[in-house]
$ cat structure15.cif   # mmCIF, C-alpha atoms and all ligand atoms
data_my_file
loop_
_atom_site.group_PDB
_atom_site.id
_atom_site.type_symbol
_atom_site.label_atom_id
_atom_site.label_comp_id
_atom_site.auth_asym_id
_atom_site.auth_seq_id
_atom_site.Cartn_x
_atom_site.Cartn_y
_atom_site.Cartn_z
ATOM 1 C CA MET A 1 184.304 56.778 44.151
ATOM 2 C CA ARG A 2 180.990 57.727 45.842
ATOM 3 C CA ILE A 3 177.617 56.950 44.295
ATOM 4 C CA ALA A 4 174.173 58.264 45.293
ATOM 5 C CA VAL A 5 171.049 56.649 43.859
ATOM 6 C CA LEU A 6 167.678 58.430 43.922
ATOM 7 C CA THR A 7 164.895 55.929 43.301
ATOM 8 C CA GLY A 8 161.160 56.107 42.745
ATOM 9 C CA ALA A 9 158.314 53.660 42.252
ATOM 10 C CA GLY A 10 159.651 52.593 38.838
ATOM 11 C CA ILE A 11 162.509 50.582 40.336
ATOM 12 C CA SER A 12 159.988 48.426 42.192
ATOM 13 C CA ALA A 13 157.545 48.140 39.272
ATOM 14 C CA GLU A 14 159.309 45.034 37.903
ATOM 15 C CA SER A 15 158.934 43.405 41.311
ATOM 16 C CA GLY A 16 155.158 43.745 40.925
ATOM 17 C CA VAL A 17 154.637 46.859 43.069
ATOM 18 C CA PRO A 18 152.319 49.246 41.163
ATOM 19 C CA THR A 19 153.736 52.733 40.582
ATOM 20 C CA PHE A 20 151.720 55.780 41.501
ATOM 21 C CA ARG A 21 150.982 57.345 38.199
ATOM 22 C CA ASP A 22 151.052 54.311 35.942
ATOM 23 C CA ASP A 23 148.602 52.196 37.865
ATOM 24 C CA LYS A 24 145.580 52.637 35.612
ATOM 25 C CA ASN A 25 143.999 49.302 36.508
ATOM 26 C CA GLY A 26 143.217 47.536 39.738
ATOM 27 C CA LEU A 27 140.993 48.258 42.670
ATOM 28 C CA TRP A 28 142.446 51.623 43.482
ATOM 29 C CA ALA A 29 142.400 53.098 40.009
ATOM 30 C CA ARG A 30 139.035 54.713 40.786
ATOM 31 C CA PHE A 31 140.563 56.834 43.554
ATOM 32 C CA ASP A 32 142.974 59.684 43.124
ATOM 33 C CA PRO A 33 146.274 58.657 44.824
ATOM 34 C CA TYR A 34 146.280 62.132 46.407
ATOM 35 C CA GLU A 35 143.046 61.141 48.221
ATOM 36 C CA LEU A 36 144.763 58.058 49.574
ATOM 37 C CA SER A 37 148.087 59.698 50.439
ATOM 38 C CA SER A 38 147.046 62.896 52.164
ATOM 39 C CA THR A 39 146.118 64.013 55.668
ATOM 40 C CA GLN A 40 142.751 65.167 54.305
ATOM 41 C CA GLY A 41 142.108 61.734 52.816
ATOM 42 C CA TRP A 42 142.975 60.129 56.151
ATOM 43 C CA ASN A 43 140.725 62.492 58.112
ATOM 44 C CA ASP A 44 137.846 61.954 55.657
ATOM 45 C CA HIS A 45 138.161 58.166 55.151
ATOM 46 C CA PRO A 46 140.655 56.539 57.564
ATOM 47 C CA GLU A 47 139.251 53.072 56.829
ATOM 48 C CA ARG A 48 139.860 53.505 53.069
ATOM 49 C CA VAL A 49 143.373 54.884 53.527
ATOM 50 C CA TRP A 50 144.182 52.144 56.076
ATOM 51 C CA ALA A 51 143.007 49.434 53.636
ATOM 52 C CA TRP A 52 145.183 50.953 50.850
ATOM 53 C CA TYR A 53 148.345 50.885 52.961
ATOM 54 C CA LEU A 54 147.659 47.560 54.679
ATOM 55 C CA TRP A 55 147.183 45.949 51.239
ATOM 56 C CA ARG A 56 150.452 47.457 49.957
ATOM 57 C CA HIS A 57 152.234 46.388 53.166
ATOM 58 C CA HIS A 58 151.252 42.770 52.552
ATOM 59 C CA LEU A 59 151.833 43.034 48.791
ATOM 60 C CA VAL A 60 155.449 44.120 49.338
ATOM 61 C CA GLN A 61 156.038 41.188 51.704
ATOM 62 C CA ARG A 62 154.901 38.813 48.959
ATOM 63 C CA VAL A 63 157.206 40.176 46.219
ATOM 64 C CA ASP A 64 160.993 40.156 45.831
ATOM 65 C CA PRO A 65 163.678 42.668 44.917
ATOM 66 C CA ASN A 66 164.546 42.643 41.197
ATOM 67 C CA ASP A 67 167.814 42.907 39.248
ATOM 68 C CA GLY A 68 167.664 46.687 39.564
ATOM 69 C CA HIS A 69 167.654 46.627 43.387
ATOM 70 C CA ARG A 70 170.297 43.884 43.369
ATOM 71 C CA ALA A 71 172.614 45.802 41.019
ATOM 72 C CA VAL A 72 172.553 48.838 43.328
ATOM 73 C CA ALA A 73 173.330 46.628 46.338
ATOM 74 C CA GLU A 74 176.160 44.949 44.386
ATOM 75 C CA TRP A 75 177.843 48.314 43.763
ATOM 76 C CA GLU A 76 178.823 48.376 47.455
ATOM 77 C CA ARG A 77 181.061 45.374 46.848
ATOM 78 C CA ILE A 78 183.023 46.814 43.914
ATOM 79 C CA PRO A 79 186.606 47.752 44.950
ATOM 80 C CA GLY A 80 187.105 51.505 44.683
ATOM 81 C CA ILE A 81 183.475 52.350 45.405
ATOM 82 C CA VAL A 82 183.637 53.715 48.957
ATOM 83 C CA ASP A 83 180.001 54.655 49.424
ATOM 84 C CA VAL A 84 176.615 53.870 47.847
ATOM 85 C CA SER A 85 173.838 55.977 49.387
ATOM 86 C CA VAL A 86 170.318 54.974 48.358
ATOM 87 C CA ILE A 87 167.827 57.828 48.583
ATOM 88 C CA THR A 88 164.364 56.432 47.986
ATOM 89 C CA GLN A 89 160.888 57.907 47.638
ATOM 90 C CA ASN A 90 159.585 54.348 47.897
ATOM 91 C CA VAL A 91 157.964 53.074 51.050
ATOM 92 C CA ASP A 92 158.771 49.428 50.303
ATOM 93 C CA ASN A 93 161.756 47.591 51.819
ATOM 94 C CA LEU A 94 163.104 46.085 48.594
ATOM 95 C CA HIS A 95 166.411 47.988 48.645
ATOM 96 C CA GLU A 96 167.152 46.670 52.127
ATOM 97 C CA ARG A 97 166.108 43.143 51.181
ATOM 98 C CA ALA A 98 168.392 43.315 48.123
ATOM 99 C CA GLY A 99 171.305 44.104 50.467
ATOM 100 C CA SER A 100 171.766 47.885 50.288
ATOM 101 C CA SER A 101 173.170 49.033 53.631
ATOM 102 C CA ALA A 102 172.532 52.808 53.485
ATOM 103 C CA VAL A 103 168.905 53.531 52.542
ATOM 104 C CA HIS A 104 167.266 56.889 53.266
ATOM 105 C CA HIS A 105 163.459 56.781 53.090
ATOM 106 C CA LEU A 106 162.304 60.305 52.204
ATOM 107 C CA HIS A 107 158.617 59.366 52.282
ATOM 108 C CA GLY A 108 158.583 56.865 55.171
ATOM 109 C CA SER A 109 157.928 53.144 55.182
ATOM 110 C CA LEU A 110 155.060 50.661 54.843
ATOM 111 C CA PHE A 111 156.637 48.817 57.777
ATOM 112 C CA GLU A 112 156.434 51.580 60.377
ATOM 113 C CA PHE A 113 153.162 52.593 62.045
ATOM 114 C CA ARG A 114 152.257 55.241 64.631
ATOM 115 C CA CYS A 115 149.282 56.794 66.421
ATOM 116 C CA ASP A 116 147.795 59.802 64.654
ATOM 117 C CA ILE A 117 147.237 61.564 67.982
ATOM 118 C CA CYS A 118 150.084 60.740 70.400
ATOM 119 C CA ASP A 119 152.611 59.659 67.721
ATOM 120 C CA SER A 120 153.608 56.518 69.666
ATOM 121 C CA ALA A 121 155.057 53.810 67.460
ATOM 122 C CA TYR A 122 152.739 50.848 66.940
ATOM 123 C CA HIS A 123 154.202 47.333 66.995
ATOM 124 C CA GLY A 124 150.980 45.398 67.378
ATOM 125 C CA GLU A 125 149.565 42.640 65.216
ATOM 126 C CA LEU A 126 148.393 43.599 61.730
ATOM 127 C CA PRO A 127 145.451 41.724 60.200
ATOM 128 C CA ASP A 128 146.281 39.926 56.951
ATOM 129 C CA MET A 129 144.802 41.178 53.665
ATOM 130 C CA PRO A 130 145.257 38.479 51.008
ATOM 131 C CA GLU A 131 143.055 40.395 48.554
ATOM 132 C CA PRO A 132 142.658 44.155 48.182
ATOM 133 C CA GLN A 133 139.749 45.507 50.188
ATOM 134 C CA LEU A 134 138.134 48.895 49.845
ATOM 135 C CA GLU A 135 137.894 49.492 53.587
ATOM 136 C CA ALA A 136 139.393 48.142 56.816
ATOM 137 C CA ASN A 137 139.313 49.540 60.349
ATOM 138 C CA PRO A 138 142.701 50.791 61.550
ATOM 139 C CA PRO A 139 143.806 49.626 65.041
ATOM 140 C CA VAL A 140 143.037 52.057 67.870
ATOM 141 C CA CYS A 141 145.753 53.421 70.155
ATOM 142 C CA PRO A 142 145.173 53.259 73.968
ATOM 143 C CA CYS A 143 145.044 57.087 73.827
ATOM 144 C CA GLY A 144 142.033 56.831 71.487
ATOM 145 C CA GLY A 145 143.926 57.828 68.334
ATOM 146 C CA LEU A 146 143.954 55.751 65.155
ATOM 147 C CA ILE A 147 147.033 53.847 64.015
ATOM 148 C CA ARG A 148 148.329 55.202 60.672
ATOM 149 C CA PRO A 149 151.232 54.217 58.454
ATOM 150 C CA ASP A 150 154.412 56.195 59.202
ATOM 151 C CA ILE A 151 154.427 57.549 55.660
ATOM 152 C CA VAL A 152 154.793 61.154 54.507
ATOM 153 C CA TRP A 153 151.485 62.221 52.977
ATOM 154 C CA PHE A 154 151.009 65.103 50.589
ATOM 155 C CA GLY A 155 151.095 68.291 52.614
ATOM 156 C CA GLU A 156 153.262 66.765 55.364
ATOM 157 C CA PRO A 157 156.926 67.620 55.936
ATOM 158 C CA LEU A 158 159.651 65.113 55.107
ATOM 159 C CA PRO A 159 161.484 63.565 58.085
ATOM 160 C CA ASP A 160 164.547 65.726 58.909
ATOM 161 C CA GLY A 161 166.978 62.843 59.377
ATOM 162 C CA PRO A 162 166.552 61.143 55.993
ATOM 163 C CA TRP A 163 166.330 64.503 54.191
ATOM 164 C CA ASP A 164 169.510 65.920 55.750
ATOM 165 C CA ALA A 165 171.372 62.659 55.113
ATOM 166 C CA SER A 166 170.192 62.671 51.487
ATOM 167 C CA VAL A 167 171.339 66.238 50.853
ATOM 168 C CA GLU A 168 174.691 65.390 52.429
ATOM 169 C CA ALA A 169 175.026 62.290 50.251
ATOM 170 C CA VAL A 170 174.245 64.268 47.074
ATOM 171 C CA ARG A 171 176.701 66.997 48.015
ATOM 172 C CA ALA A 172 179.489 64.429 48.550
ATOM 173 C CA THR A 173 178.767 62.095 45.640
ATOM 174 C CA ASP A 174 180.749 61.703 42.412
ATOM 175 C CA LEU A 175 177.755 60.260 40.563
ATOM 176 C CA LEU A 176 173.981 60.541 41.046
ATOM 177 C CA VAL A 177 171.874 57.817 39.403
ATOM 178 C CA VAL A 178 168.155 58.726 39.211
ATOM 179 C CA VAL A 179 165.992 55.655 38.607
ATOM 180 C CA GLY A 180 162.275 55.106 38.200
ATOM 181 C CA THR A 181 160.930 58.467 39.244
ATOM 182 C CA SER A 182 158.719 60.892 37.337
ATOM 183 C CA SER A 183 160.811 63.679 38.929
ATOM 184 C CA ILE A 184 157.767 65.864 39.600
ATOM 185 C CA VAL A 185 157.401 65.620 43.388
ATOM 186 C CA TYR A 186 159.521 68.064 45.415
ATOM 187 C CA PRO A 187 161.650 68.331 47.448
ATOM 188 C CA ALA A 188 162.972 64.933 46.238
ATOM 189 C CA ALA A 189 162.964 66.147 42.624
ATOM 190 C CA GLY A 190 165.253 69.007 43.727
ATOM 191 C CA LEU A 191 168.122 66.634 44.555
ATOM 192 C CA PRO A 192 169.184 66.042 40.917
ATOM 193 C CA GLU A 193 169.064 69.823 40.407
ATOM 194 C CA LEU A 194 171.410 70.247 43.391
ATOM 195 C CA ALA A 195 173.772 67.661 41.915
ATOM 196 C CA LEU A 196 173.791 69.291 38.461
ATOM 197 C CA ALA A 197 174.356 72.740 39.979
ATOM 198 C CA GLN A 198 177.555 71.486 41.656
ATOM 199 C CA GLY A 199 178.778 69.805 38.466
ATOM 200 C CA THR A 200 178.039 66.205 39.502
ATOM 201 C CA VAL A 201 177.330 63.658 36.769
ATOM 202 C CA VAL A 202 173.602 62.755 36.796
ATOM 203 C CA VAL A 203 172.451 59.608 34.975
ATOM 204 C CA GLU A 204 168.704 59.092 34.575
ATOM 205 C CA VAL A 205 167.249 55.606 34.016
ATOM 206 C CA ASN A 206 163.607 55.667 32.909
ATOM 207 C CA PRO A 207 161.741 54.141 29.954
ATOM 208 C CA GLU A 208 159.820 57.429 29.681
ATOM 209 C CA PRO A 209 161.039 61.037 29.446
ATOM 210 C CA THR A 210 160.687 63.193 32.564
ATOM 211 C CA PRO A 211 161.307 66.883 33.386
ATOM 212 C CA LEU A 212 164.855 65.841 34.377
ATOM 213 C CA SER A 213 165.685 64.203 31.033
ATOM 214 C CA ALA A 214 166.718 67.371 29.203
ATOM 215 C CA ASP A 215 169.191 68.388 31.926
ATOM 216 C CA ALA A 216 170.588 64.997 32.983
ATOM 217 C CA THR A 217 174.184 64.343 31.925
ATOM 218 C CA VAL A 218 173.011 61.049 30.432
ATOM 219 C CA THR A 219 169.470 59.646 30.184
ATOM 220 C CA LEU A 220 168.863 55.961 29.434
ATOM 221 C CA ARG A 221 165.448 55.033 28.039
ATOM 222 C CA GLU A 222 165.589 51.628 29.660
ATOM 223 C CA SER A 223 164.075 49.782 32.588
ATOM 224 C CA ALA A 224 165.964 49.621 35.879
ATOM 225 C CA SER A 225 166.579 45.875 35.702
ATOM 226 C CA THR A 226 168.037 46.218 32.186
ATOM 227 C CA ALA A 227 170.200 49.314 32.676
ATOM 228 C CA LEU A 228 171.531 49.052 36.241
ATOM 229 C CA PRO A 229 173.461 45.736 36.119
ATOM 230 C CA THR A 230 175.815 47.087 33.419
ATOM 231 C CA LEU A 231 175.566 50.834 34.101
ATOM 232 C CA LEU A 232 178.942 51.311 35.826
ATOM 233 C CA GLN A 233 180.822 49.389 33.138
ATOM 234 C CA GLN A 234 179.076 51.438 30.437
ATOM 235 C CA LEU A 235 179.584 54.787 32.157
ATOM 236 C CA PRO A 236 182.943 55.743 30.566
ATOM 237 C CA SER A 237 181.586 55.224 27.047
ATOM 238 C CA LEU A 238 178.247 56.854 27.944
ATOM 239 C CA LEU A 239 180.080 59.940 29.237
ATOM 240 C CA GLY A 240 182.526 59.845 26.341
ATOM 241 C CA LYS A 241 179.623 60.184 23.917
ATOM 242 C CA LYS A 242 178.385 63.258 25.808
ATOM 243 C CA SER A 243 181.664 65.174 25.837
HETATM 244 N N1 LIG A 301 162.318 51.004 35.340
HETATM 245 C C1 LIG A 301 162.567 52.331 35.520
HETATM 246 N N2 LIG A 301 161.585 53.268 35.572
HETATM 247 C C2 LIG A 301 160.306 52.841 35.427
HETATM 248 C C3 LIG A 301 159.968 51.484 35.237
HETATM 249 C C4 LIG A 301 161.044 50.558 35.202
HETATM 250 N N3 LIG A 301 160.818 49.240 35.005
HETATM 251 N N4 LIG A 301 158.604 51.392 35.134
HETATM 252 C C5 LIG A 301 158.122 52.640 35.253
HETATM 253 N N5 LIG A 301 159.137 53.511 35.428
HETATM 254 C C6 LIG A 301 159.071 54.964 35.616
HETATM 255 C C7 LIG A 301 157.882 55.631 34.974
HETATM 256 O O1 LIG A 301 158.191 56.004 33.637
HETATM 257 C C8 LIG A 301 157.714 56.871 35.866
HETATM 258 O O2 LIG A 301 158.494 57.949 35.372
HETATM 259 O O3 LIG A 301 158.917 55.165 36.998
HETATM 260 C C9 LIG A 301 158.283 56.427 37.216
HETATM 261 C C10 LIG A 301 157.224 56.262 38.282
HETATM 262 O O4 LIG A 301 156.720 57.552 38.549
HETATM 263 P P1 LIG A 301 155.641 57.735 39.712
HETATM 264 O O5 LIG A 301 154.592 56.681 39.594
HETATM 265 O O6 LIG A 301 155.267 59.190 39.665
HETATM 266 O O7 LIG A 301 156.435 57.416 41.051
HETATM 267 P P2 LIG A 301 157.440 58.348 41.836
HETATM 268 O O8 LIG A 301 158.242 59.188 40.901
HETATM 269 O O9 LIG A 301 158.187 57.463 42.765
HETATM 270 O O10 LIG A 301 156.445 59.287 42.675
HETATM 271 C C11 LIG A 301 157.074 60.186 43.564
HETATM 272 O O11 LIG A 301 154.935 60.853 44.434
HETATM 273 O O12 LIG A 301 152.986 59.738 44.586
HETATM 274 C C12 LIG A 301 153.975 60.351 45.342
HETATM 275 O O13 LIG A 301 154.903 59.959 47.467
HETATM 276 C C13 LIG A 301 154.614 59.361 46.239
HETATM 277 O O14 LIG A 301 156.938 58.726 46.441
HETATM 278 C C14 LIG A 301 155.901 59.034 45.510
HETATM 279 C C15 LIG A 301 156.214 60.331 44.786
#

$ encode --input "structure15.cif" --output "structure tokens" --more "lines below"
Ligand code: APR
Amino acid sequence: MRIAVLTGAGISAESGVPTFRDDKNGLWARFDPYELSSTQGWNDHPERVWAWYLWRHHLVQRVDPNDGHRAVAEWERIPGIVDVSVITQNVDNLHERAGSSAVHHLHGSLFEFRCDICDSAYHGELPDMPEPQLEANPPVCPCGGLIRPDIVWFGEPLPDGPWDASVEAVRATDLLVVVGTSSIVYPAAGLPELALAQGTVVVEVNPEPTPLSADATVTLRESASTALPTLLQQLPSLLGKKS
């Protein structure tokens, strides 16, 4: 059996990583996430955008994967499951740290950095940021460009490699589990539609309804850490109820 898992910020929420659209408190609530995750925002206020990502980079290093991440990683060890492809919109590394071996980052990573002019990868020292700061100066590349996070901002194309691998994984999978995403940002939100169109079982795990809920084969109004550890055992009865 092949499983593909499409995850969003919700699967990392229980690890203490704020989601995008739920984070109504905290330092960054006063800014529109689109301002902080767009090329325009970077061009207008690179020091604000840099502070936002540097803080999240350090935040993720200080938190741990939760039972949701660990359940997905555990699926790789179940006899009969030949492939578990994790397709994530998240830029944290919690799936990898939980033990998942095939993780496709559609929106990049908080742990990769590059120059915004010459594109060279940056491996230099990063200043610590124990507390959130509103502004911080990004490092400067020898070419004069500014170092930015290697993250896909609104208006930027997704990286070909992870996208192609994700489409391939969805096409080949027997089951698509969609966890912790509001399912409103395309093209990622198009992957469950692709699965449904080819007759693949789609299970949504989200405490809140989303645009996918009405079409999903099964939708569980539960948190990731509650639903995922027992999801595979429950699947036959969940699907039995639907037929
Ligand atoms: N378990 C499962 N789902 C949860 C949990 C939880 N414990 N807590 C919250 N959620 C759900 C919320 O109900 C919401 O539907 O996670 C979803 C988080 O939605 P968003 O904050 O919109 O995050 P995401 O769907 O990943 O955003 C997609 O948009 O902001 C851009 O590029 C950014 O990758 C991001 C993309």

$ axis_aligned_box --input "structure15.cif" --around "ligand LIG 301 (chain A)" --padding-each-side "3 Å" --output "JSON"
{"center_x": 157.8, "center_y": 55.0, "center_z": 40.6, "size_x": 15.6, "size_y": 17.6, "size_z": 19.8}

$ resolve_selection --input "structure15.cif" --expression "the PyMOL selection byres (((chain A and resi 212) around 9) and not hetatm)" --output "number ranges by chain"
A: 182-184, 189, 192-193, 204, 209-211, 213-216, 219

$ residues_around --input "structure15.cif" --residues "region 28-44 of chain A" --least-positions-apart "3" --cutoff "12 Å" --atoms "only C-alpha atoms" --output "ChimeraX atom specification"
/A:18-25,47-53,55-56,91,107-108,116-117,132-135,137-138,145-157

$ resolve_selection --input "structure15.cif" --expression "the PyMOL selection byres (((not hetatm)) within 6 of (chain A and resi 301))" --output "list in words"
Gly8, Ala9, Gly10, Ile11, Ala13, Glu14, Thr19, Phe20, Arg21, Asp22, Gln89, Asn90, Val179, Gly180, Thr181, Ser182, Ser183, Val185, Val205, Asn206, Pro207, Glu208, Ser223 and Ala224 of chain A

$ closest_residue --input "structure15.cif" --among "A:Leu196, A:Ile78, A:Val177, A:Val140" --to "Glu125 (chain A)" --atoms "all atoms listed in the file"
A:Val140

$ atom_distance --input "structure15.cif" --atom1 "CA of Ala227 (chain A)" --atom2 "CA of Gly68 (chain A)"
7.8 Å

$ closest_residue --input "structure15.cif" --among "A:Glu76, A:Asp67, A:Asp119, A:Glu112" --to "Leu94 (chain A)" --atoms "all atoms listed in the file"
A:Asp67

$ atom_distance --input "structure15.cif" --atom1 "CA of His57 (chain A)" --atom2 "CA of Asp164 (chain A)"
26.2 Å

$ resolve_selection --input "structure15.cif" --expression "the PyMOL selection byres (((chain A and resi 97) around 9) and not hetatm)" --output "PyMOL selection string"
chain A and resi 64-65+69-70+93-96+98-100
